[in-house]
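Novice: Sharing work.csv (CSV, C-alpha atoms) below.
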```
chain,number,residue,atom,x,y,z
A,10,ILE,CA,58.8,123.3,61.7
A,11,GLN,CA,61.1,122.0,64.4
A,12,HIS,CA,63.6,124.7,63.5
A,13,ALA,CA,60.9,127.3,63.7
A,14,VAL,CA,59.7,126.1,67.1
A,15,ALA,CA,63.3,126.0,68.4
A,16,ALA,CA,63.9,129.6,67.1
A,17,ALA,CA,60.7,130.8,68.7
A,18,ALA,CA,61.6,129.1,72.0
A,19,ALA,CA,65.1,130.7,71.8
A,20,ALA,CA,63.6,134.1,71.1
A,21,ALA,CA,61.1,133.7,74.0
A,22,ALA,CA,64.0,132.8,76.4
A,23,ALA,CA,66.0,135.8,75.2
A,24,ALA,CA,63.0,138.1,75.8
A,25,VAL,CA,62.6,136.7,79.4
A,26,ALA,CA,66.4,137.1,80.0
A,27,ALA,CA,66.2,140.7,78.7
A,28,ALA,CA,63.2,141.4,80.9
A,29,ILE,CA,65.0,140.1,84.0
A,30,ALA,CA,68.1,142.1,83.2
A,31,MET,CA,66.0,145.2,82.7
A,32,ARG,CA,64.3,144.6,86.1
A,33,HIS,CA,67.6,144.3,87.8
A,34,ALA,CA,68.9,147.4,86.1
A,35,LEU,CA,65.8,149.3,87.2
A,36,ARG,CA,66.1,148.1,90.8
A,37,TRP,CA,69.7,149.3,90.8
A,38,TRP,CA,68.7,152.6,89.2
A,39,LYS,CA,66.0,153.2,91.9
A,40,ARG,CA,68.4,152.5,94.7
A,41,PRO,CA,69.0,155.5,97.1
A,42,ARG,CA,72.3,157.1,96.2
A,43,LEU,CA,74.3,157.7,99.4
A,44,ALA,CA,77.5,159.7,99.6
A,45,LEU,CA,80.0,158.2,102.1
A,46,LEU,CA,81.8,161.3,103.4
A,47,ASN,CA,85.0,159.5,104.4
A,48,PRO,CA,87.9,161.5,105.8
A,49,VAL,CA,90.5,159.2,104.3
A,50,VAL,CA,93.6,158.6,106.3
A,51,PRO,CA,96.0,156.6,104.1
A,52,THR,CA,97.6,154.8,107.0
A,53,SER,CA,94.3,153.6,108.4
A,54,ALA,CA,93.1,150.2,107.3
A,55,TYR,CA,89.6,151.1,108.6
A,56,SER,CA,89.5,154.2,106.5
A,57,LEU,CA,90.6,152.4,103.4
A,58,SER,CA,88.1,149.6,103.9
A,59,VAL,CA,85.0,151.2,105.4
A,60,ALA,CA,83.1,151.5,102.1
A,61,LYS,CA,83.5,147.7,101.6
A,62,MET,CA,82.3,147.0,105.1
A,63,LEU,CA,79.2,149.1,104.7
A,64,ARG,CA,78.4,147.4,101.4
A,65,GLU,CA,78.8,144.0,103.1
A,66,LEU,CA,76.5,145.1,105.9
A,67,CYS,CA,73.8,146.4,103.5
A,68,ASP,CA,74.0,143.2,101.5
A,69,ALA,CA,73.6,141.1,104.7
A,70,ILE,CA,70.2,142.8,105.4
A,71,ASP,CA,69.1,143.1,101.8
A,72,CYS,CA,69.3,146.9,101.9
A,73,ARG,CA,69.7,148.1,98.3
A,74,VAL,CA,71.6,151.3,98.3
A,75,ALA,CA,74.4,152.7,96.0
A,76,ILE,CA,77.3,154.0,98.1
A,77,HIS,CA,79.6,156.5,96.5
A,78,GLU,CA,82.7,157.3,98.5
A,79,VAL,CA,84.0,160.9,98.7
A,80,ASP,CA,87.3,161.7,100.4
A,81,VAL,CA,86.5,164.8,102.5
A,82,ALA,CA,90.0,165.0,104.0
A,83,SER,CA,91.7,165.8,100.7
A,84,SER,CA,89.1,168.5,99.7
A,85,PRO,CA,85.8,169.9,101.0
A,86,PHE,CA,82.6,168.4,99.8
A,87,ASP,CA,81.1,170.4,96.9
A,88,SER,CA,77.8,171.7,98.3
A,89,ALA,CA,76.5,171.9,94.7
A,90,LEU,CA,76.4,168.1,94.8
A,91,ILE,CA,74.1,167.8,97.8
A,92,GLU,CA,71.0,167.4,95.8
A,93,HIS,CA,72.6,164.7,93.7
A,94,PHE,CA,72.4,162.3,96.6
A,95,ASP,CA,69.6,160.8,98.6
A,96,GLY,CA,71.5,160.9,101.8
A,97,PHE,CA,74.9,160.9,103.5
A,98,ILE,CA,77.0,158.6,105.7
A,99,ILE,CA,79.9,159.8,107.9
A,100,PRO,CA,81.8,156.8,109.1
A,101,GLY,CA,84.4,156.2,111.8
A,102,SER,CA,87.9,157.7,111.7
A,103,VAL,CA,91.2,157.7,113.6
A,104,ALA,CA,90.7,161.5,114.0
A,105,SER,CA,89.3,163.2,117.1
A,106,ALA,CA,86.5,165.6,116.3
A,107,TYR,CA,87.9,168.3,118.6
A,108,ASP,CA,91.5,168.1,117.3
A,109,LYS,CA,91.3,170.6,114.5
A,110,ALA,CA,95.0,171.4,114.6
A,111,THR,CA,95.9,167.8,113.5
A,112,TYR,CA,92.9,167.4,111.2
A,113,PRO,CA,92.3,170.8,109.6
A,114,TRP,CA,89.6,169.4,107.3
A,115,THR,CA,87.3,169.1,110.4
A,116,SER,CA,86.0,172.6,110.1
A,117,HIS,CA,85.0,172.0,106.4
A,118,LEU,CA,83.2,168.8,107.4
A,119,GLU,CA,81.3,170.5,110.2
A,120,ALA,CA,80.2,173.2,107.7
A,121,THR,CA,78.9,170.5,105.3
A,122,ILE,CA,77.0,168.8,108.2
A,123,ARG,CA,75.3,172.1,109.1
A,124,ARG,CA,74.3,172.6,105.4
A,125,LEU,CA,72.9,169.1,105.2
A,126,HIS,CA,71.0,169.5,108.4
A,127,ALA,CA,69.6,172.9,107.3
A,128,ARG,CA,68.3,171.3,104.1
A,129,GLY,CA,66.9,168.3,105.9
A,130,ARG,CA,69.1,165.8,104.1
A,131,PRO,CA,69.2,162.4,105.7
A,132,MET,CA,72.4,161.6,107.6
A,133,LEU,CA,73.9,158.5,109.3
A,134,GLY,CA,76.8,159.0,111.6
A,135,ILE,CA,78.9,156.1,112.9
A,136,CYS,CA,81.4,156.5,115.8
A,137,TYR,CA,83.5,159.5,114.6
A,138,GLY,CA,80.5,160.4,112.4
A,139,HIS,CA,78.2,160.3,115.5
A,140,GLN,CA,80.7,162.6,117.3
A,141,ILE,CA,81.4,165.1,114.5
A,142,ILE,CA,77.7,165.5,113.6
A,143,SER,CA,76.9,166.2,117.3
A,144,GLN,CA,79.7,168.7,117.6
A,145,ALA,CA,78.8,170.5,114.4
A,146,LEU,CA,75.2,171.0,115.5
A,147,GLY,CA,76.1,172.3,119.0
A,148,GLY,CA,76.9,169.3,121.1
A,149,ARG,CA,80.1,168.4,123.0
A,150,VAL,CA,82.7,165.7,122.3
A,151,GLU,CA,85.4,164.9,124.9
A,152,HIS,CA,87.9,162.2,125.7
A,153,ASN,CA,86.0,159.4,127.4
A,154,SER,CA,87.0,159.4,131.1
A,155,ALA,CA,86.1,155.7,131.2
A,156,GLY,CA,88.9,155.0,128.7
A,157,LEU,CA,88.8,152.8,125.6
A,158,GLN,CA,85.6,151.0,124.8
A,159,ALA,CA,86.3,148.1,122.4
A,160,ALA,CA,84.6,145.0,121.0
A,161,ARG,CA,81.0,144.2,122.2
A,162,CYS,CA,79.5,146.9,124.4
A,163,GLU,CA,75.9,147.1,125.6
A,164,PHE,CA,73.8,150.1,126.2
A,165,ASP,CA,70.4,150.9,127.6
A,166,VAL,CA,67.9,151.8,124.9
A,167,THR,CA,65.6,154.8,125.7
A,168,ALA,CA,61.9,154.7,125.1
A,169,LEU,CA,62.3,156.6,121.9
A,170,GLY,CA,65.1,154.3,120.8
A,171,ALA,CA,62.9,151.3,121.4
A,172,SER,CA,60.0,152.9,119.4
A,173,LEU,CA,62.5,153.4,116.5
A,174,GLY,CA,63.5,149.8,116.5
A,175,LEU,CA,66.9,149.8,118.2
A,176,GLY,CA,65.8,147.1,120.7
A,177,ASP,CA,64.0,146.7,124.0
A,178,GLY,CA,65.8,147.2,127.2
A,179,THR,CA,69.4,146.8,126.1
A,180,ALA,CA,71.2,146.6,122.7
A,181,ALA,CA,74.8,145.9,121.7
A,182,LEU,CA,77.3,146.6,118.9
A,183,GLN,CA,81.0,146.3,118.3
A,184,TYR,CA,83.0,149.3,119.4
A,185,HIS,CA,86.3,151.0,119.3
A,186,HIS,CA,86.6,154.5,120.5
A,187,ASN,CA,88.3,156.7,123.1
A,188,ASP,CA,86.1,159.8,122.7
A,189,CYS,CA,82.4,160.2,123.4
A,190,VAL,CA,79.6,162.7,123.0
A,191,THR,CA,79.1,164.1,126.5
A,192,ARG,CA,76.3,166.5,125.4
A,193,LEU,CA,74.0,166.0,122.4
A,194,PRO,CA,73.0,169.1,120.3
A,195,PRO,CA,69.6,170.7,121.0
A,196,CYS,CA,68.1,169.1,117.8
A,197,ALA,CA,69.0,165.6,118.9
A,198,ALA,CA,67.2,163.1,121.0
A,199,ASN,CA,69.1,160.4,123.0
A,200,LEU,CA,68.3,156.8,121.9
A,201,GLY,CA,70.7,155.0,124.2
A,202,CYS,CA,73.1,155.4,127.1
A,203,SER,CA,75.4,153.6,129.6
A,204,ALA,CA,77.4,154.4,132.6
A,205,SER,CA,80.5,154.9,130.5
A,206,CYS,CA,79.0,156.7,127.6
A,207,PRO,CA,76.0,159.1,128.0
A,208,ALA,CA,75.0,159.0,124.3
A,209,HIS,CA,75.3,155.8,122.4
A,210,ALA,CA,72.9,156.8,119.7
A,211,SER,CA,70.8,159.8,118.7
A,212,ALA,CA,68.0,160.9,116.4
A,213,LEU,CA,68.3,164.2,114.6
A,214,PHE,CA,65.4,166.5,114.1
A,215,ALA,CA,64.9,169.8,112.3
A,216,SER,CA,64.6,171.8,115.5
A,217,PRO,CA,65.0,171.5,119.3
A,218,THR,CA,61.2,171.7,119.7
A,219,THR,CA,60.7,168.6,117.5
A,220,SER,CA,63.4,166.8,119.4
A,221,ARG,CA,61.8,167.6,122.8
A,222,MET,CA,58.4,166.5,121.6
A,223,ALA,CA,59.8,163.2,120.4
A,224,VAL,CA,61.5,162.6,123.8
A,225,SER,CA,58.4,163.6,125.8
A,226,ARG,CA,56.1,161.3,123.7
A,227,GLY,CA,58.6,158.5,123.4
A,228,GLU,CA,57.6,158.2,119.7
A,229,ILE,CA,57.7,160.3,116.5
A,230,ALA,CA,55.1,161.6,114.1
A,231,ASP,CA,57.6,161.8,111.2
A,232,PRO,CA,60.9,160.0,110.7
A,233,PRO,CA,64.0,161.8,112.0
A,234,ILE,CA,66.3,163.4,109.4
A,235,GLY,CA,69.4,161.7,110.9
A,236,ILE,CA,70.5,158.9,113.1
A,237,THR,CA,73.9,158.6,114.8
A,238,LEU,CA,75.5,155.6,116.4
A,239,GLN,CA,78.6,155.5,118.6
A,240,GLY,CA,79.0,151.8,117.9
A,241,HIS,CA,80.2,150.2,114.6
A,242,PRO,CA,77.5,147.9,113.0
A,243,GLU,CA,79.9,147.5,110.1
A,244,PHE,CA,82.4,145.7,112.3
A,245,SER,CA,79.9,142.8,112.2
A,246,THR,CA,80.9,141.9,108.7
A,247,PRO,CA,83.7,139.6,107.4
A,248,THR,CA,85.9,142.6,106.5
A,249,GLY,CA,84.9,144.6,109.6
A,250,ALA,CA,85.6,141.7,112.0
A,251,ALA,CA,89.1,141.3,110.5
A,252,ILE,CA,89.8,145.0,110.7
A,253,LEU,CA,88.7,145.2,114.3
A,254,LEU,CA,90.9,142.2,115.3
A,255,ASP,CA,93.8,143.8,113.5
A,256,ILE,CA,93.3,147.0,115.5
A,257,LEU,CA,93.1,145.1,118.8
A,258,HIS,CA,96.2,143.1,118.0
A,259,GLY,CA,98.1,146.4,117.5
A,260,GLU,CA,97.2,147.5,121.0
A,261,GLU,CA,99.0,146.1,124.1
A,262,GLY,CA,96.8,143.4,125.6
A,263,GLY,CA,94.0,144.3,123.2
A,264,ALA,CA,93.6,140.9,121.6
A,265,GLU,CA,93.7,139.1,124.9
A,266,ARG,CA,91.2,141.3,126.6
A,267,TYR,CA,88.8,141.9,123.7
A,268,GLY,CA,89.5,139.2,121.1
A,269,ASP,CA,86.8,136.7,122.0
A,270,SER,CA,84.2,139.4,122.1
A,271,ALA,CA,85.3,140.9,118.8
A,272,ARG,CA,85.1,137.4,117.1
A,273,ASP,CA,81.5,137.1,118.1
A,274,ALA,CA,81.5,133.3,117.7
A,275,ASP,CA,77.8,132.9,118.6
A,276,GLY,CA,76.7,135.7,116.2
A,277,ARG,CA,74.7,137.6,118.9
A,278,THR,CA,76.3,141.0,118.3
A,279,ALA,CA,76.0,140.6,114.5
A,280,ALA,CA,72.3,139.8,114.9
A,281,GLN,CA,71.8,143.0,116.8
A,282,ALA,CA,73.9,145.0,114.4
A,283,HIS,CA,71.7,143.7,111.5
A,284,LYS,CA,68.5,144.6,113.5
A,285,ILE,CA,69.7,148.1,114.3
A,286,THR,CA,71.0,148.8,110.8
A,287,ARG,CA,67.8,147.6,109.2
A,288,ALA,CA,65.8,149.9,111.5
A,289,VAL,CA,68.0,152.9,110.9
A,290,MET,CA,68.2,152.4,107.1
A,291,GLY,CA,64.5,151.9,107.0
A,292,LEU,CA,63.9,155.2,108.8
A,293,LEU,CA,66.2,157.2,106.7
A,294,TRP,CA,65.9,155.5,103.3
A,295,PRO,CA,62.8,153.3,103.2
A,296,LYS,CA,63.0,152.9,99.4
A,297,ALA,CA,66.2,150.8,100.1
A,298,PHE,CA,63.9,147.9,101.1
A,299,ALA,CA,61.2,148.4,98.4
A,300,GLU,CA,60.7,145.7,95.8
```
Since I need it in another form, could you write the structure as structure tokens?

Specialist:
Amino acid sequence: IQHAVAAAAAAAAAAVAAAIAMRHALRWWKRPRLALLNPVVPTSAYSLSVAKMLRELCDAIDCRVAIHEVDVASSPFDSALIEHFDGFIIPGSVASAYDKATYPWTSHLEATIRRLHARGRPMLGICYGHQIISQALGGRVEHNSAGLQAARCEFDVTALGASLGLGDGTAALQYHHNDCVTRLPPCAANLGCSASCPAHASALFASPTTSRMAVSRGEIADPPIGITLQGHPEFSTPTGAAILLDILHGEEGGAERYGDSARDADGRTAAQAHKITRAVMGLLWPKAFAE
């Protein structure tokens, strides 16, 4: 009898373990599948590590997504695969959006962005991604006359940005960029600005009319189909912080000028990065937070 009881208990424990494993498998299967359209530059530590940074960032806010990296510098993204993904992320890059002579894959990436927008596919752009999405959809990107913006930078959140969860009054992220969006495309609404950068973040809509309505109302009826950020929320991760500090150490006076801000010892910038990322991911892929 004792053996039978023990066997039954073991079988019950195995059944529970199997049920838990199945639940985890189903949660993974239900995760939004995101394509990371990364223009890989082999000499860039950021480029080689950005997928890891984004996964760390999503783990930190319990955002359950499956990120699949695609090198769009080596070959154009296959448009036949667009429907295979629930959304797309275009990260930062050492490239300049307007330097098509040095980076000939820029035109292919712009064409992909226009196809994604036309199909209403959710997009997240970060730094270079913010710039190339804006340029592809009719905006303007130029060298920032204010010079390099690095480490913690603050920006004023617009009324629409506040309604979308980016913060009230001001917000801050870690930065590293020399270019900026000087004019957003007609389909985009400004979510944040500063004296040195006129567009820190934007929301993308299907049409200029929808964008204008969102700005005039200071709120939206339906979620935007894309969000772009000039800052780098992924720099507020263990891997990202190390990469940013390495970049600053490679620039004359960079570590001395920006090092303390980049280290974020009090965690203030990381807290805002988590808040902003949670808001953005929730708008674009709400199922990433579903139980």

Novice: Per residue of segment 64-137 of chain A within 6 Å of segment 231-243 of chain A, what are the shortest atom pair and its distance in Å to one decimal, counting all atoms listed in the file, with rows by chain and residue number, as a Markdown table?

Specialist:
```
| residue | atom | partner | partner_atom | distance |
| --- | --- | --- | --- | --- |
| A:Leu66 | CA | A:Glu243 | CA | 5.9 |
| A:Pro131 | CA | A:Ile234 | CA | 4.8 |
| A:Met132 | CA | A:Gly235 | CA | 4.5 |
| A:Leu133 | CA | A:Ile236 | CA | 5.1 |
| A:Gly134 | CA | A:Thr237 | CA | 4.3 |
| A:Ile135 | CA | A:Leu238 | CA | 4.9 |
| A:Cys136 | CA | A:Gln239 | CA | 4.1 |
```

Novice: Measuring atom to atom with all atoms listed in the file, identify which of A:Thr121, A:Ser225, A:Thr246, A:Thr179 is nearest to Leu90 of chain A.

Specialist: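 Among A:Thr121, A:Ser225, A:Thr246, A:Thr179, it is A:Thr121 that comes nearest to Leu90 of chain A.
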
Novice: Counting all atoms listed in the file, which residues have an atom no more than 12 Å from (66.0, 165.2, 119.5) in the file's coordinates? Please list them as an MDAnalysis selection string.

Specialist: chainID A and resid 143 146 148 169:170 192:200 208 210:229 232:237

Novice: Check the smallest atom-to-atom distance from each of A:Ala280, A:Ala180, A:Ala69, A:Cys189 to Gly201 of chain A using all atoms listed in the file, then report the winner.

Specialist: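 Smallest separation from Gly201 of chain A among the options: A:Ala180.
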
Novice: Given the point (83.6, 145.4, 104.6) in the file's coordinates, find the residues that have an atom at most 8 Å from it, counting only C-alpha atoms, and give them as a list of chain:residue names.

Specialist: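 Output of the proximity query reads A:Ser58, A:Val59, A:Ala60, A:Lys61, A:Met62, A:Leu63, A:Arg64, A:Glu65, A:Leu66, A:Glu243, A:Phe244, A:Thr246, A:Pro247, A:Thr248, A:Gly249.
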
Novice: Would you please work out which residue, of A:Ile142, A:Gln183, A:Ala54, A:Asp71, is nearest to Lys296 of chain A when using all atoms listed in the file?

Specialist: A:Asp71
